[in-house]
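Notes to accompany the following structure.
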Amino acid sequence: MKYHKKTSQTSRSTMKRETPHAEDTEEMIPSEPSHDEEENVAPVKAKRSKPEETEGEAEVFHPVKLSRSDLYRPPTAEELNQLKEAESLFHCSLLKMQMEELLREVVLSERRKQQIDCFIQTVTSLLQTVPRSPEVELGDLSWLSGAVKVPFLLIPKASKGKFHMAPPASVNLIGSYPLGTCIKPSIMVDLAVTIPADVLHPKDVLNQRYPRKRALYLAGLAQHLTSSSEIGTMRYSCLHGNRLRPLLLLTPPGKDSSSFTVRVHACPPPGFFKPSRFHPQRNSIRTEWYTGLSKSQPESSEPPTPHYNSSILGDLLPRAHLQFLSAVSSQCSAFADGVALLKVWLRQRELDQGTGCFNGFLASMLLAYLLTTHRVSNSMTAYQLLRNSLNFLASTDLTVNGISLAKDPDSTAPALADMHSAFQVVFVDPSGHLNMCADMTACTYKQVQHEASLSMQFWDDPTVDGFHALLMTPKPMIRTSDHVFQLCELVKLQSSCKKLNLLSELMDHSGNYIDAALPFILSLLQRGLDQRIHLLTHSLSPDPEWSVESEAPKHKAQPPLSFGLILRPELAASVLERGPPADSPKAAEFRQLWGSHSELRRFQDGAITEAVLWNGETSYEKRLVPRQIIAHLLQLHAGIPESSLRYVGAMVDDVIKMGHEVPSTGEEQSLKVVQSYDDLSRKLWRLEGLPLSITSVQGAHPALRYTQVFPPVPLKLDYSFFDREKISRSLVPKEGKPCPAYITPVTVICHMEGSGKWPHDHLAIRHIRAAFHISLGELLSKQHRYACKPCPSHLDVWKDGLAFRIQVAYHREPQVLRESVNAEGLLVVRDNEDAQALEMATVHRPLLTSTLHGLQQQHPCFGAVCRLAKRWLGAQLFSEDITEDTADLLVASLFLQPAPFIPPGSPQVGFLRFLHLLSSFDWRNNPLVVNLNNQLTAADYTEIKNDFMASRESLPVMFIATPKDKKLSLWTKQAPSVQMLQRVVMVAAESLKVLESQLMDGNQTQDVRVALRPPLDPYDVLIHLNPKQVPLLSQAVDPPAVKISRGVMSGNVAQSGGALPVIDYNPVSHYLAELREAFGDLALFFCDPYGGTVITVLWKPKAFNPVPFKTSQMFARQVEVTGEEVHTVPNIEAILEDFRVMGKGLVKSVEPRTERWAF
Amino acid sequence: MAPSKKKHASGQTCVIPGGFTVLSLQFSPDSPAQHKLCVKEHKVRAERSSHRPMDRTLFVLNIPPYCSEAVVKELFSQFGAVQSVELRDHPGAFQHSGPKLATFFKPAEKKGFKVGYVIFQNSSSVSAAKSHPLDVPLVVSAGQHPVSTGVQKWIQQYRESFIQPDKLQQTVDSFMQDYDKRKEEEVERQKREAEEQQEDEEGWVKVTRGNKGAKARPHSEAANQRTLQKEIVKKKRKELMNFYTWQHKNTQKEHIAQLRKKFEEDKQKIALLRAQRKFRPY
């Protein structure tokens, strides 16, 4: 090998990586090629203050130091008021300021307003100059040039009437912009163009004649505007997904084109139609016209068309609404801010856009309702307005008790009862005729209610950061709902409409079969899922947008409909649906719902009832029972085949699947381990003949809290595969054979009674413990025939095909380790690492294990989330930095402090939230408080936060506080480092993005494992391992197709006896430990502990700097002499050779990536 | 080989400023790369220990992890008979490590690079080692003495981790006997000291400077602190709260100051968050 030795200056320069971060000496981990994600990453910089780190200084919080004179000067009355208000109104003044800051971020700037006004003026004057055109038949589109199409689905084609273009009677601003409630982002400015009266005819209400004229008029405007250069882009859309109400979207030209959009509405002249024509019980679309079949029916027997009616009525009223709202807002100074906050709240919950949404207009109307009914006062602040509206929403069910803004409605206005019979959600406008929530489904309103009551809960909880939970955290469906499913081929809903006999609804929705069928499908699912779910939500189909040159898209072109389920964990997974007794009248109903699946069954209590039994043996399968129900119901009642159903409930679970015959995600295996451990613990308690009695037996292993990624499975061994040890006849791995199956020792801590006979010296205690291991082993093998292996530090027991590692502990040992006698004979207590490690192993870890075991009992999917999270951490090579205990705590925090969600009800959603937590938590400025067993009070939270702030610099980068550990963050003391945390944050954000987009989009390649394959290009050396010597190979992310024999047989596992197998022998971990010990100061080593076959090495950034020769720093280095000065640099060639030598038999090849660095 | 040593012709020893001689070492005869050991005679002014006789001890730097004491002994015996080898994580003075421990009770050794003290039987061997040429490498794993690494070594380790229970019991017993004996001696010694402080027939007490100090003062730091705490509590109890008007006024003033401070702190926090653009909801 050619070896160029460089002088000290050049060797540094050649070391520079080809990444943009080469200059940044603190940057240990070179970032990935794509740098766009870095902007999303919260700046987690600067842990311990390092002299060269100045850019981090600005972001660090320093406790304020006010001078004495500042603090104690006499207060003015105004200041006193301000302080008092902050104290009494808000949890703290912080929340008030936060809200103010938020508002500042979302309101429109003056500059933007000027831009908008200017553009509106241009558009208005352009619109005024629309030329008249000769009158033509409504069906004749020849007057339109081919470049512009009509934004309307002309089905059925035939229609009567005449149409011509004419300049608008007036052009006015309506909606949120003139009201001042318009907020960023996606600024929409609504412009109402009044169609002159002579274009319309009072009878146009019938048979879509008016909507068609309206669409034609818009097309005419579009045609006129195409020639103008002052318009940027022109597209069509429709108002809240309603195809009867098309819109023309205009953007300004040039670089401002994306900054705001003007929506042009076409409206009839005010009062042109009589509002009483639009009573929800009246019909405005004749069956004869719609179906094309002549069936002369009297008008009275025609079905009512409430949705059609309200969509036209909606066009009549916007100006009146604007007047009403501006009158209200002029009374209340905080009105605009209150609406803005409410809009932000809605937007974070994806409720403010699409068909049947709770839009900003409804938000303003709701606030107006509260103000006019004196539920809130005019002098309240925005913060109080938000709080009161949420409270109102949470406590009022508009699906049953609708509300009305009409003060004294005229006699023709429909009664609330009429509204309720026609619509699911009722909120009547000031005129008394229009239901503003006409398109909203009951499910959407329930979702709003659910969100509002959740928000109130978080608001009142002083331990939750309400501001973040309410207004800052987005709640996309995939991260909110436990299970999500999609209807992919929407065209199938057309046949559902036929099957459900929905002709009149179809007429009412003017052929939009999706909107027509949706309420029925929702109520069907609600009935079928019943007790299993808290809430059924559905996505609001987004407003379609298309260019003016193309035809209006068909209904089926909509993106798939998504439905979200929030499960009741205790009932969702039940395989039995028990119905009413066979002879009760409800039985028929039950049979009708479930069809052939319903059978008569006799139960143990003697009852004979109708029942449906679903398949499901393991909890993985049981979790998918809702899927079986949904597929069955949709097929049976709506004729939607299972193939067009895309169920995203357990896709991610795949990566921890382990069963061979029955698919399982390890819950059953974990349970077996726990049962075996319980049995062992009972046997330990009952042992007789020990010199001291046992005071406690505690598990201290992830497998005993259901969070081991791949819980140990009972194994039966093929003895011929192994060598034998001479004395005890135990099994020993054979050289030349593949590494035997890895047997995880499950750690059990066994505390012995305190006694005066325990020596007061740590060496002596260790010897006594060894003696206990021997005698425990003897007793266990004598009384229960377990194979045992006593060692000074532990006792291995082979039981039920599982290995347990019993460690005897003495509760005073950490104390003894801390005590020492100083030179003056004074007994001093000094904390040290040994004592801490011992305390961790014998006190903290068992406690954590039992606490988390309890959490698993409350939340059945806790363990599975932990396992997914740890599988991901392992696969991304982070398991050394975020240790198992830390990961479990992070997941526990998702269950204990779920705001703004409720605790995850499926592993997948838990995992997504875990990634979100990792990527979005502000570790720099906040401690993560995990309130295990609910032991912390609000005061504790404050105390933790204050302590944290006071000594941030000296605390671990990732700070996790628990009730037993409020100040130190024991679990994250060693790792991760700043650089590693930074990388974890980055990779988590990227994985989340990839996973979520894949889960929500059926068109992408469906491979969730993409998120578990780490990018290998940032690493400097790759050590490829021989798969035969990697015992956990079958757990790899992409397990090899070929199976390697590892000395395991199938068959029943004996409970006791037999030779002791090879326990805890994993060459990879031995190798890693040796590498880290030998080269830890030069490089970092990463490996996936679950079957990874490559070890990645990263040189530390300063590793190659020559340092002056020192006897204590001469490891793996070579000397360079320049004159009288001696420097040393790492001996890379020898180190690479050592990688091979130290891992002989395990290492397949060492691949130095010299393109990344040179030596 | 390396450019910095090109000035030395082949077959010559390489001595660097500081007095160290550079030797090269490779794992097996056909290894492509070599480690560079630095050796020097052991010379420390402060240390006058018989464990490392100055004239016969060779100080070796940068011993790779796969070289055990036995291997190092074998390596350096080509310069003369080796009496003993001591491997350490860091250079430093010889330390006595408590009572003798059985191998399996010793704390796990670090497996990294080491420094070594090779003690030869003859002082001539030291200079022989120091004049060894650079380009004749020492070979760790040669024909007759193969050194096992990797899988082979780990299997061997696993084999060695088995300890016969009775043997282990024996070790424990002997250690505990030893420990009890030491304890007894200690007790005996204390008794003797106590006796010495008794009055003799003529009523004289012999005052000695025992290393334990007088009995009267507390023996542990914790006890010291407890006494101090008690004093403070006593003082506190005597104070009167909100008794005089000025005290009351002060409390109120303090409250406002607290509110102000909190306000300022919150303001600062907000400013900090604003700087980080933390108020963008989407």
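Letters for chains follow the order of the structure tokens (A, B, ...), residue numbers begin at 1 for each chain, and ligand numbers begin at 1 in the order shown.
Selecting chain B residues within 6 Å of chain A and counting only C-alpha atoms yields Ser4, Ala33, Gln34, His35, Lys36, Asn62, His90, Lys111, Gly112, Phe113, Thr149, Gly150, Val151, Val172, Lys212, His219, Ser220, Glu221, Ala257, Asp266, Phe279 and Pro281 of chain B.
The environment of stretch 678-692 of chain A within 7 Å, counting only C-alpha atoms and disregarding residues fewer than 4 places along the same chain, consists of Val674, Val697, Met752 and Glu753 of chain A.
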Shell around A:Gln1055 at 8 Å using only C-alpha atoms, local window under 5 positions removed, as number ranges by chain: A: 799-801
Save out the residues we just selected, C-alpha atoms, as a PDB file, in the first residue's frame.
ATOM      1  CA  LYS A 799     -35.595 -22.674  32.951  1.00  0.00           C
ATOM      2  CA  ASP A 800     -38.447 -23.340  30.499  1.00  0.00           C
ATOM      3  CA  GLY A 801     -36.098 -22.834  27.598  1.00  0.00           C
TER       4      GLY A 801
END
Any idea what the distance is between atom CA of A:Pro270 and atom CA of A:Ala219? 21.5 Å
Report the residues of stretch 227-294 of chain A whose backbone DSSP state falls under helix (DSSP H, G or I), written as a PyMOL selection string. chain A and resi 239-241+254-258+275-278+287-291
